[in-house]
>>> print(open('run_16.txt').read())   # compact mmCIF, C-alpha atoms and all ligand atoms
# COMPACT_ATOMS: atom_id res chain seq x y z
CA MET A 27 11.97 30.48 60.12
CA LEU A 28 15.40 29.85 61.50
CA SER A 29 17.56 26.87 61.00
CA ASN A 30 18.97 24.77 63.78
CA PRO A 31 21.21 22.40 61.92
CA ILE A 32 22.41 19.34 63.75
CA PRO A 33 25.33 17.60 62.11
CA TRP A 34 25.48 13.86 62.26
CA GLU A 35 28.48 12.26 60.78
CA ASN A 36 28.25 8.65 59.93
CA SER A 37 30.80 6.77 58.08
CA GLN A 38 31.39 3.27 56.97
CA LEU A 39 34.92 3.94 57.73
CA ASN A 40 37.93 2.83 59.57
CA HIS A 41 37.98 6.06 61.55
CA SER A 42 38.25 5.48 65.23
CA ILE A 43 36.28 8.49 66.40
CA PHE A 44 32.64 9.21 65.82
CA LEU A 45 31.99 12.96 65.77
CA PRO A 46 29.76 13.78 68.71
CA LEU A 47 26.28 15.03 67.95
CA ARG A 48 26.42 18.78 67.79
CA VAL A 49 23.42 21.08 68.05
CA TYR A 50 23.58 24.65 66.79
CA SER A 51 21.22 27.38 67.86
CA ALA A 52 19.73 29.70 65.25
CA ALA A 53 22.07 32.44 66.44
CA GLU A 54 25.22 30.52 65.57
CA SER A 55 27.11 31.72 62.54
CA GLN A 56 27.63 29.93 59.25
CA ASP A 57 31.35 29.96 60.07
CA THR A 58 30.74 28.01 63.28
CA VAL A 59 28.77 25.39 61.37
CA PHE A 60 31.41 25.22 58.65
CA ALA A 61 34.21 24.72 61.19
CA ASP A 62 32.74 21.26 61.87
CA VAL A 63 32.54 20.44 58.17
CA LEU A 64 36.13 21.41 57.45
CA PRO A 65 37.92 18.23 58.66
CA LEU A 66 35.91 16.12 56.22
CA LEU A 67 37.27 17.97 53.22
CA THR A 68 40.85 16.85 53.66
CA SER A 69 39.55 13.26 53.41
CA LEU A 70 38.82 13.89 49.74
CA LEU A 71 42.51 13.96 48.95
CA ASP A 72 42.99 10.83 51.06
CA GLY A 73 40.80 8.95 48.60
CA TYR A 74 37.40 9.09 50.27
CA ASN A 75 34.17 10.21 48.67
CA VAL A 76 32.31 12.67 50.86
CA CYS A 77 28.65 13.64 50.98
CA ILE A 78 27.26 16.53 52.99
CA MET A 79 23.49 16.87 52.94
CA ALA A 80 20.88 19.03 54.63
CA TYR A 81 17.68 17.27 55.65
CA GLY A 82 14.58 18.75 57.25
CA GLN A 83 11.03 19.88 56.74
CA THR A 84 10.19 22.56 54.23
CA GLY A 85 11.20 26.06 55.36
CA SER A 86 13.50 24.85 58.16
CA GLY A 87 16.72 26.32 56.72
CA LYS A 88 18.31 23.68 54.47
CA THR A 89 19.04 26.03 51.58
CA TYR A 90 20.29 28.67 53.99
CA THR A 91 22.61 26.12 55.61
CA MET A 92 23.91 24.69 52.35
CA LEU A 93 24.04 27.81 50.16
CA GLY A 94 23.42 30.91 52.28
CA PRO A 95 20.81 33.64 52.09
CA GLN A 96 19.03 34.01 48.76
CA SER A 97 17.72 37.31 47.44
CA GLU A 98 13.95 37.80 47.73
CA ASP A 99 13.34 38.79 44.08
CA ASP A 100 15.17 35.98 42.36
CA VAL A 101 16.80 32.91 43.82
CA THR A 102 20.39 34.03 43.38
CA LEU A 103 22.81 33.83 46.26
CA SER A 104 23.22 36.99 48.21
CA ILE A 105 27.00 37.21 48.27
CA GLU A 106 27.66 40.71 49.62
CA ASP A 107 27.86 39.24 53.09
CA GLU A 108 30.45 36.54 52.50
CA PRO A 109 30.49 35.14 56.06
CA GLU A 110 26.81 34.30 55.58
CA LEU A 111 27.54 32.00 52.66
CA GLY A 112 26.66 28.40 53.36
CA ILE A 113 28.47 25.07 53.23
CA ILE A 114 28.49 24.66 49.43
CA PRO A 115 30.42 27.87 48.58
CA LYS A 116 32.64 27.59 51.68
CA ALA A 117 33.49 23.93 51.05
CA THR A 118 34.27 24.59 47.41
CA GLU A 119 36.57 27.46 48.29
CA GLU A 120 38.34 25.24 50.82
CA VAL A 121 38.80 22.42 48.28
CA PHE A 122 40.36 24.88 45.81
CA ARG A 123 42.59 26.21 48.62
CA ILE A 124 43.80 22.73 49.58
CA ILE A 125 44.54 21.92 45.95
CA SER A 126 46.40 25.19 45.41
CA GLU A 127 48.96 23.95 47.95
CA LYS A 128 49.65 20.78 45.93
CA PRO A 129 52.13 20.53 43.07
CA PRO A 130 50.74 22.35 40.02
CA GLY A 131 48.79 20.02 37.75
CA SER A 132 48.66 17.16 40.25
CA HIS A 133 44.98 17.69 41.05
CA TRP A 134 42.08 19.16 39.16
CA VAL A 135 38.41 19.72 39.86
CA GLU A 136 35.29 19.43 37.74
CA VAL A 137 31.97 20.81 38.90
CA SER A 138 28.49 19.61 38.00
CA VAL A 139 25.15 20.94 39.22
CA VAL A 140 22.01 18.83 38.92
CA GLU A 141 18.55 18.78 40.40
CA VAL A 142 16.46 15.70 41.03
CA TYR A 143 12.91 16.78 40.28
CA ASN A 144 9.97 14.33 40.24
CA ASN A 145 12.47 11.47 40.17
CA GLU A 146 14.21 12.82 37.04
CA ILE A 147 17.73 14.21 36.86
CA PHE A 148 18.23 17.61 35.21
CA ASP A 149 21.63 18.93 34.22
CA LEU A 150 21.60 22.57 35.33
CA LEU A 151 24.85 23.49 33.57
CA ALA A 152 23.91 22.20 30.10
CA LYS A 153 23.98 25.00 27.50
CA ASP A 154 22.01 25.45 24.30
CA SER A 155 23.68 26.44 20.99
CA CYS A 156 23.61 30.13 22.02
CA GLY A 157 25.44 29.39 25.27
CA ARG A 158 22.35 29.85 27.44
CA VAL A 159 22.07 27.53 30.42
CA PHE A 160 19.03 25.29 30.49
CA GLY A 161 18.11 22.10 32.34
CA VAL A 162 18.46 18.94 30.25
CA LYS A 163 17.15 15.60 31.41
CA ARG A 164 19.87 13.01 32.05
CA ASP A 165 19.91 9.50 33.34
CA VAL A 166 21.97 7.81 36.01
CA VAL A 167 23.56 4.45 35.32
CA THR A 168 25.77 1.99 37.13
CA THR A 169 29.12 1.44 35.43
CA LYS A 170 30.69 -1.99 35.09
CA GLU A 171 32.93 -1.07 38.04
CA GLY A 172 29.73 -0.63 40.09
CA LYS A 173 29.97 3.17 40.30
CA SER A 174 27.14 5.57 39.61
CA ASP A 175 27.55 7.74 36.52
CA VAL A 176 25.49 10.31 34.64
CA PRO A 177 26.34 10.02 30.93
CA LEU A 178 26.62 13.33 29.04
CA LEU A 179 26.55 15.38 32.25
CA THR A 180 28.06 18.85 31.86
CA TYR A 181 31.19 19.43 33.92
CA ASP A 182 32.73 22.85 34.31
CA GLU A 183 36.47 22.40 34.49
CA ALA A 184 37.32 26.07 34.65
CA ALA A 185 35.38 26.53 37.86
CA HIS A 186 38.49 26.32 39.97
CA THR A 187 40.03 29.40 38.41
CA ALA A 188 38.16 31.75 40.71
CA HIS A 189 35.71 31.50 43.59
CA PRO A 190 33.22 34.06 42.13
CA LYS A 191 33.11 31.95 38.95
CA PHE A 192 31.89 28.98 40.98
CA LEU A 193 29.19 31.10 42.63
CA GLN A 194 28.02 32.29 39.19
CA LEU A 195 27.77 28.66 38.11
CA VAL A 196 25.66 27.71 41.11
CA ASP A 197 23.51 30.83 40.62
CA LYS A 198 22.77 29.82 37.05
CA GLY A 199 21.73 26.40 38.26
CA LEU A 200 19.59 27.88 41.04
CA GLN A 201 17.62 30.00 38.59
CA LEU A 202 16.52 26.81 36.87
CA ARG A 203 15.71 24.97 40.07
CA ALA A 204 12.04 24.15 40.61
CA GLN A 205 10.30 26.28 43.26
CA HIS A 206 6.71 26.52 44.36
CA PRO A 207 5.12 28.60 47.12
CA THR A 208 3.47 26.58 49.89
CA LEU A 209 1.62 27.65 53.03
CA VAL A 210 4.78 26.93 55.01
CA HIS A 211 7.41 28.49 52.74
CA ALA A 212 6.93 31.04 49.94
CA HIS A 213 10.14 29.99 48.14
CA SER A 214 9.96 26.25 48.70
CA SER A 215 12.49 24.24 46.68
CA ARG A 216 10.69 21.40 44.94
CA SER A 217 13.78 19.46 43.94
CA HIS A 218 16.96 18.06 45.46
CA LEU A 219 19.99 20.11 44.43
CA VAL A 220 23.24 18.16 44.07
CA VAL A 221 26.51 20.01 43.48
CA THR A 222 29.31 17.56 42.77
CA LEU A 223 33.01 18.34 42.80
CA THR A 224 34.98 15.56 41.16
CA ILE A 225 38.60 15.76 42.20
CA THR A 226 41.09 13.96 40.02
CA THR A 227 44.43 13.21 41.57
CA LYS A 228 47.26 12.33 39.30
CA ALA A 229 49.12 9.58 41.08
CA VAL A 230 51.82 7.06 40.45
CA SER A 231 51.31 3.44 41.44
CA ALA A 232 53.06 2.43 44.64
CA ASP A 233 54.98 -0.26 42.72
CA SER A 234 56.77 2.44 40.81
CA PHE A 235 58.03 4.01 44.00
CA ALA A 236 59.56 0.72 45.08
CA SER A 237 61.83 0.97 42.05
CA SER A 238 65.00 3.00 41.95
CA PRO A 239 64.62 6.56 40.58
CA ALA A 240 66.17 5.52 37.27
CA GLN A 241 63.78 2.61 36.85
CA PHE A 242 61.00 4.86 38.03
CA GLU A 243 61.33 7.03 34.93
CA SER A 244 60.94 4.07 32.62
CA THR A 245 58.43 1.94 34.51
CA GLU A 246 56.24 4.76 35.76
CA LYS A 247 52.57 3.81 35.66
CA LEU A 248 50.35 6.83 35.89
CA LYS A 249 46.96 6.43 37.50
CA HIS A 250 44.22 8.94 37.97
CA ILE A 251 42.23 8.65 41.15
CA LYS A 252 38.85 10.30 41.26
CA THR A 253 37.03 11.26 44.44
CA LYS A 254 33.68 12.98 44.71
CA LEU A 255 32.37 15.64 47.04
CA GLN A 256 28.58 15.69 46.78
CA LEU A 257 26.87 18.64 48.42
CA VAL A 258 23.14 18.16 48.67
CA ASP A 259 20.34 20.58 49.48
CA LEU A 260 17.44 18.15 49.80
CA ALA A 261 13.89 19.21 49.07
CA GLY A 262 11.89 19.52 52.29
CA SER A 263 10.07 16.62 53.82
CA GLU A 264 6.50 17.77 53.90
CA CYS A 265 3.16 17.06 55.49
CA VAL A 266 0.52 17.82 52.85
CA GLY A 267 -1.97 19.01 55.47
CA MET A 268 0.47 21.68 56.69
CA SER A 269 1.78 22.85 53.32
CA GLY A 270 -1.69 22.96 51.74
CA VAL A 271 -0.42 21.92 48.31
CA THR A 272 -2.67 20.74 45.51
CA GLY A 273 -2.28 19.86 41.80
CA VAL A 274 1.28 20.01 40.44
CA ALA A 275 2.73 20.85 43.84
CA LEU A 276 0.98 17.86 45.39
CA ARG A 277 2.53 15.58 42.78
CA GLU A 278 5.94 17.15 43.53
CA THR A 279 5.40 16.53 47.24
CA SER A 280 4.65 12.90 46.60
CA PHE A 281 7.90 12.50 44.61
CA ILE A 282 9.88 14.38 47.27
CA ASN A 283 8.54 12.24 50.11
CA ARG A 284 9.10 9.02 48.16
CA SER A 285 12.72 9.88 47.36
CA LEU A 286 13.41 10.89 50.96
CA SER A 287 11.97 7.64 52.14
CA ALA A 288 14.14 5.77 49.60
CA LEU A 289 17.14 7.62 51.08
CA SER A 290 16.12 6.55 54.55
CA ASP A 291 15.71 2.95 53.33
CA VAL A 292 19.23 2.99 51.86
CA LEU A 293 20.69 4.24 55.13
CA GLY A 294 18.69 1.59 56.98
CA ALA A 295 19.97 -1.16 54.68
CA ILE A 296 23.58 0.05 55.12
CA ALA A 297 23.08 0.22 58.89
CA GLU A 298 21.82 -3.36 58.94
CA GLN A 299 24.66 -4.41 56.64
CA ARG A 300 22.21 -6.01 54.24
CA SER A 301 23.66 -7.72 51.20
CA HIS A 302 21.44 -5.67 48.89
CA ILE A 303 21.32 -1.90 49.27
CA PRO A 304 18.34 -0.50 47.30
CA TYR A 305 20.20 2.43 45.71
CA ARG A 306 18.24 2.07 42.49
CA ASN A 307 14.85 2.57 44.08
CA SER A 308 15.15 6.29 43.40
CA LYS A 309 17.26 8.53 41.15
CA LEU A 310 18.40 10.46 44.22
CA THR A 311 19.95 7.44 45.94
CA HIS A 312 21.33 6.09 42.67
CA LEU A 313 23.03 9.45 42.03
CA LEU A 314 24.47 9.58 45.57
CA GLN A 315 25.43 5.90 45.71
CA ASP A 316 29.21 6.43 45.65
CA SER A 317 29.21 9.08 48.36
CA ILE A 318 26.79 7.51 50.83
CA GLY A 319 27.92 3.91 50.58
CA GLY A 320 31.21 2.13 50.09
CA ASN A 321 34.31 4.23 50.40
CA ALA A 322 32.56 7.29 51.73
CA LYS A 323 31.94 9.71 54.56
CA LEU A 324 28.49 11.16 55.05
CA LEU A 325 27.59 14.22 57.10
CA VAL A 326 23.91 14.94 57.62
CA MET A 327 22.86 18.43 58.71
CA LEU A 328 19.39 18.17 60.22
CA CYS A 329 17.44 21.41 60.08
CA ILE A 330 14.81 21.53 62.79
CA SER A 331 12.13 24.16 63.14
CA PRO A 332 11.90 25.85 66.55
CA CYS A 333 8.09 26.10 66.22
CA GLN A 334 6.05 23.83 68.44
CA LYS A 335 3.38 23.35 65.78
CA TYR A 336 5.95 21.47 63.67
CA LEU A 337 6.76 18.99 66.43
CA ALA A 338 5.63 15.98 64.37
CA GLU A 339 7.84 17.04 61.42
CA SER A 340 10.77 17.69 63.77
CA LEU A 341 10.42 14.21 65.27
CA GLN A 342 10.30 12.74 61.77
CA SER A 343 13.56 14.55 60.89
CA LEU A 344 15.18 13.34 64.10
CA GLY A 345 14.09 9.82 63.14
CA PHE A 346 15.96 10.20 59.85
CA GLY A 347 19.02 11.43 61.74
CA THR A 348 18.84 8.47 64.10
CA ARG A 349 18.82 6.11 61.15
CA ALA A 350 21.80 7.89 59.57
CA ARG A 351 23.64 7.64 62.83
CA GLN A 352 23.12 3.88 63.04
CA VAL A 353 25.18 3.20 59.96
CA GLN A 354 28.01 1.02 61.05
CA ARG A 355 31.60 1.66 60.35
CA GLY A 356 33.50 -1.08 58.63
CA GLN A 357 36.97 -1.40 57.21
CA VAL A 358 37.34 0.59 54.04
CA LYS A 359 40.38 0.72 51.85
CA LYS A 360 42.08 4.08 51.56
CA ARG A 361 42.80 4.80 47.93
CA ASN A 362 45.48 7.48 48.01
CA LEU A 363 48.71 6.76 46.21
CA PRO A 364 51.95 8.73 46.15
CA VAL A 365 51.37 11.80 44.05
CA SER A 366 53.62 12.40 41.09
CA SER A 367 55.54 15.66 41.17
CA LYS A 368 55.13 15.91 37.41
CA SER A 369 52.54 18.23 36.00
CA LYS A 370 49.36 17.16 34.21
N1 LIG A 401 20.04 30.43 60.52
C1 LIG A 401 19.29 31.32 59.82
N2 LIG A 401 19.47 32.64 59.98
C2 LIG A 401 18.74 33.52 59.29
N3 LIG A 401 17.76 33.19 58.38
C3 LIG A 401 17.53 31.90 58.20
C4 LIG A 401 18.29 30.88 58.87
N4 LIG A 401 17.83 29.67 58.47
C5 LIG A 401 16.84 29.92 57.57
N5 LIG A 401 16.67 31.25 57.41
C6 LIG A 401 15.66 31.89 56.54
O1 LIG A 401 14.45 31.14 56.63
C7 LIG A 401 13.82 31.04 55.35
C8 LIG A 401 13.62 29.56 54.97
O2 LIG A 401 14.91 28.95 54.85
P1 LIG A 401 15.34 27.99 53.63
O3 LIG A 401 14.94 28.56 52.33
O4 LIG A 401 16.77 27.70 53.83
O5 LIG A 401 14.42 26.74 53.97
P2 LIG A 401 14.46 25.28 53.30
O6 LIG A 401 14.53 24.30 54.41
O7 LIG A 401 15.49 25.19 52.26
O8 LIG A 401 13.01 25.25 52.65
P3 LIG A 401 12.44 24.36 51.42
O9 LIG A 401 12.67 22.93 51.76
O10 LIG A 401 10.97 24.69 51.43
O11 LIG A 401 13.13 24.83 50.19
C9 LIG A 401 14.72 31.79 54.36
O12 LIG A 401 14.23 33.10 54.20
C10 LIG A 401 16.07 31.81 55.07
O13 LIG A 401 16.87 32.91 54.67
>>> encode(input="run_16.txt", output="structure tokens")
Amino acid sequence: MLSNPIPWENSQLNHSIFLPLRVYSAAESQDTVFADVLPLLTSLLDGYNVCIMAYGQTGSGKTYTMLGPQSEDDVTLSIEDEPELGIIPKATEEVFRIISEKPPGSHWVEVSVVEVYNNEIFDLLAKDSCGRVFGVKRDVVTTKEGKSDVPLLTYDEAAHTAHPKFLQLVDKGLQLRAQHPTLVHAHSSRSHLVVTLTITTKAVSADSFASSPAQFESTEKLKHIKTKLQLVDLAGSECVGMSGVTGVALRETSFINRSLSALSDVLGAIAEQRSHIPYRNSKLTHLLQDSIGGNAKLLVMLCISPCQKYLAESLQSLGFGTRARQVQRGQVKKRNLPVSSKSK
């Protein structure tokens, strides 16, 4: 089945231009899709959190759009054909490229890979005592600053040293990701995959720059600003009658559909500017809280099946996109500060 991703940017932002709705045909290249994602990435260094997610029914091309083609035998990324790589590897490479142009040591990146399976968070980079990667259950909490955090989550700091290293990391995570064959898709992902790049910018408070250079040396107040890029390959929304699942897979489907509906509820609450946003109704929305609400930019790639028999599912996906598009833009504070030229 081929993907027809439709990007919908919504932002609660002070940006004056709303990206027009863009529809891609199945024949359009991954590079064409990525060209529309690219402008969002520079926002990370301007202090915004960014979330890019693929939504759609099972088998419609979300994993292909976000990661690229996967080999048939195992679930590893097929990387011989680099142009075919999806948004996650391309965006990561671009973030590392942008940072390489900054003063050495002024920015650094940490990578985490988690899956949300049956409303539980699993750390896909956690290692056992022999260095083998295995999924460990983690929890998501709200910090006293109101941010979402996953205590004890494994971050790979070295990931920025080389692009292939990042792909190996994601591959390791993918091998642990829950899959189950359904009538619609033989390699159906049964969990939401969330790859997070946390970018730390070493900055100096603006007050310091108001001082003379001599005073600056002595009164310098270093601050670290963290922004998050969350790249999400959602599990497929699914009609049980079509996918024919039973037993364990049926339970998974129920968790998937509930978390997707919680995501839709959160977007609805943001759109209506409600005082309470129900982030904590699911682990997925709690985990994504910082990059879908507040100081954030969200891009939704809708993957729509071209098959007429999936019309109901396609309309359901378009309904989700409509809700995402209704999120209103408000005034949000930009958090970037003058970057220190000193190294880390
Ligand atoms: N644009 C495309 N070009 C070529 N092949 C594609 C394209 N989009 C999807 N495919 C292929 O279609 C199949 C299903 O795609 P994919 O695994 O991305 O679906 P999915 O939406 O992630 O499914 P699930 O939610 O069940 O995990 C895969 O074999 C994938 O390689």
>>> closest_residue(input="run_16.txt", among="A:Leu286, A:Met92, A:Leu325, A:Ala338", to="ligand LIG 401 (chain A)", atoms="all atoms listed in the file")
A:Met92
>>> closest_residue(input="run_16.txt", among="A:Tyr90, A:Phe192, A:Tyr305, A:Phe122", to="Val139 (chain A)", atoms="all atoms listed in the file")
A:Phe192
>>> closest_residue(input="run_16.txt", among="A:Glu136, A:Asp259, A:Glu127, A:Asp57", to="ligand LIG 401 (chain A)", atoms="all atoms listed in the file")
A:Asp259
>>> atom_distance(input="run_16.txt", atom1="CA of Gly320 (chain A)", atom2="CA of Gln342 (chain A)")
26.2 Å
>>> closest_residue(input="run_16.txt", among="A:Thr91, A:Ser331, A:Thr226, A:Ser97", to="Phe60 (chain A)", atoms="all atoms listed in the file")
A:Thr91
>>> atom_distance(input="run_16.txt", atom1="CA of Gly319 (chain A)", atom2="CA of Glu120 (chain A)")
23.7 Å
>>> atom_distance(input="run_16.txt", atom1="CA of Glu339 (chain A)", atom2="CA of Asn283 (chain A)")
12.3 Å
>>> residues_around(input="run_16.txt", residues="Arg203 (chain A)", least_positions_apart="5", cutoff="8 Å", atoms="only C-alpha atoms", output="MDAnalysis selection string")
chainID A and resid 141 150 215:217 219
>>> residues_around(input="run_16.txt", residues="Asp316 (chain A)", least_positions_apart="3", cutoff="10 Å", atoms="only C-alpha atoms", output="list of chain:residue names")
A:Tyr74, A:Asn75, A:Val76, A:Cys77, A:Gly172, A:Lys173, A:Ser174, A:Asp175, A:Thr253, A:Lys254, A:Leu255, A:Gln256, A:Tyr305, A:Thr311, A:His312, A:Leu313, A:Gly319, A:Gly320, A:Asn321, A:Ala322, A:Lys323
>>> closest_residue(input="run_16.txt", among="A:Val162, A:Leu66, A:Ala80, A:Leu195", to="Leu179 (chain A)", atoms="all atoms listed in the file")
A:Val162
>>> residues_near_point(input="run_16.txt", point="(18.9, 8.1, 36.9)", cutoff="8 Å", atoms="only C-alpha atoms", output="number ranges by chain")
A: 145-147, 164-167, 176, 308-310, 312-313
>>> closest_residue(input="run_16.txt", among="A:Ala261, A:Ala297, A:Val63, A:Leu344", to="ligand LIG 401 (chain A)", atoms="only C-alpha atoms and all ligand atoms")
A:Ala261
>>> residues_around(input="run_16.txt", residues="His133 (chain A)", least_positions_apart="2", cutoff="10 Å", atoms="all atoms listed in the file", output="list in words")
Leu71, Phe122, Ile124, Ile125, Ser126, Lys128, Pro129, Pro130, Gly131, Val135, Ile225, Thr226, Thr227, Lys228, Ala229, His250, Ile251, Lys252, Val365, Ser369 and Lys370 of chain A
>>> residues_near_point(input="run_16.txt", point="(32.1, 26.3, 46.3)", cutoff="7 Å", atoms="only C-alpha atoms", output="number ranges by chain")
A: 114-119, 189, 192-193
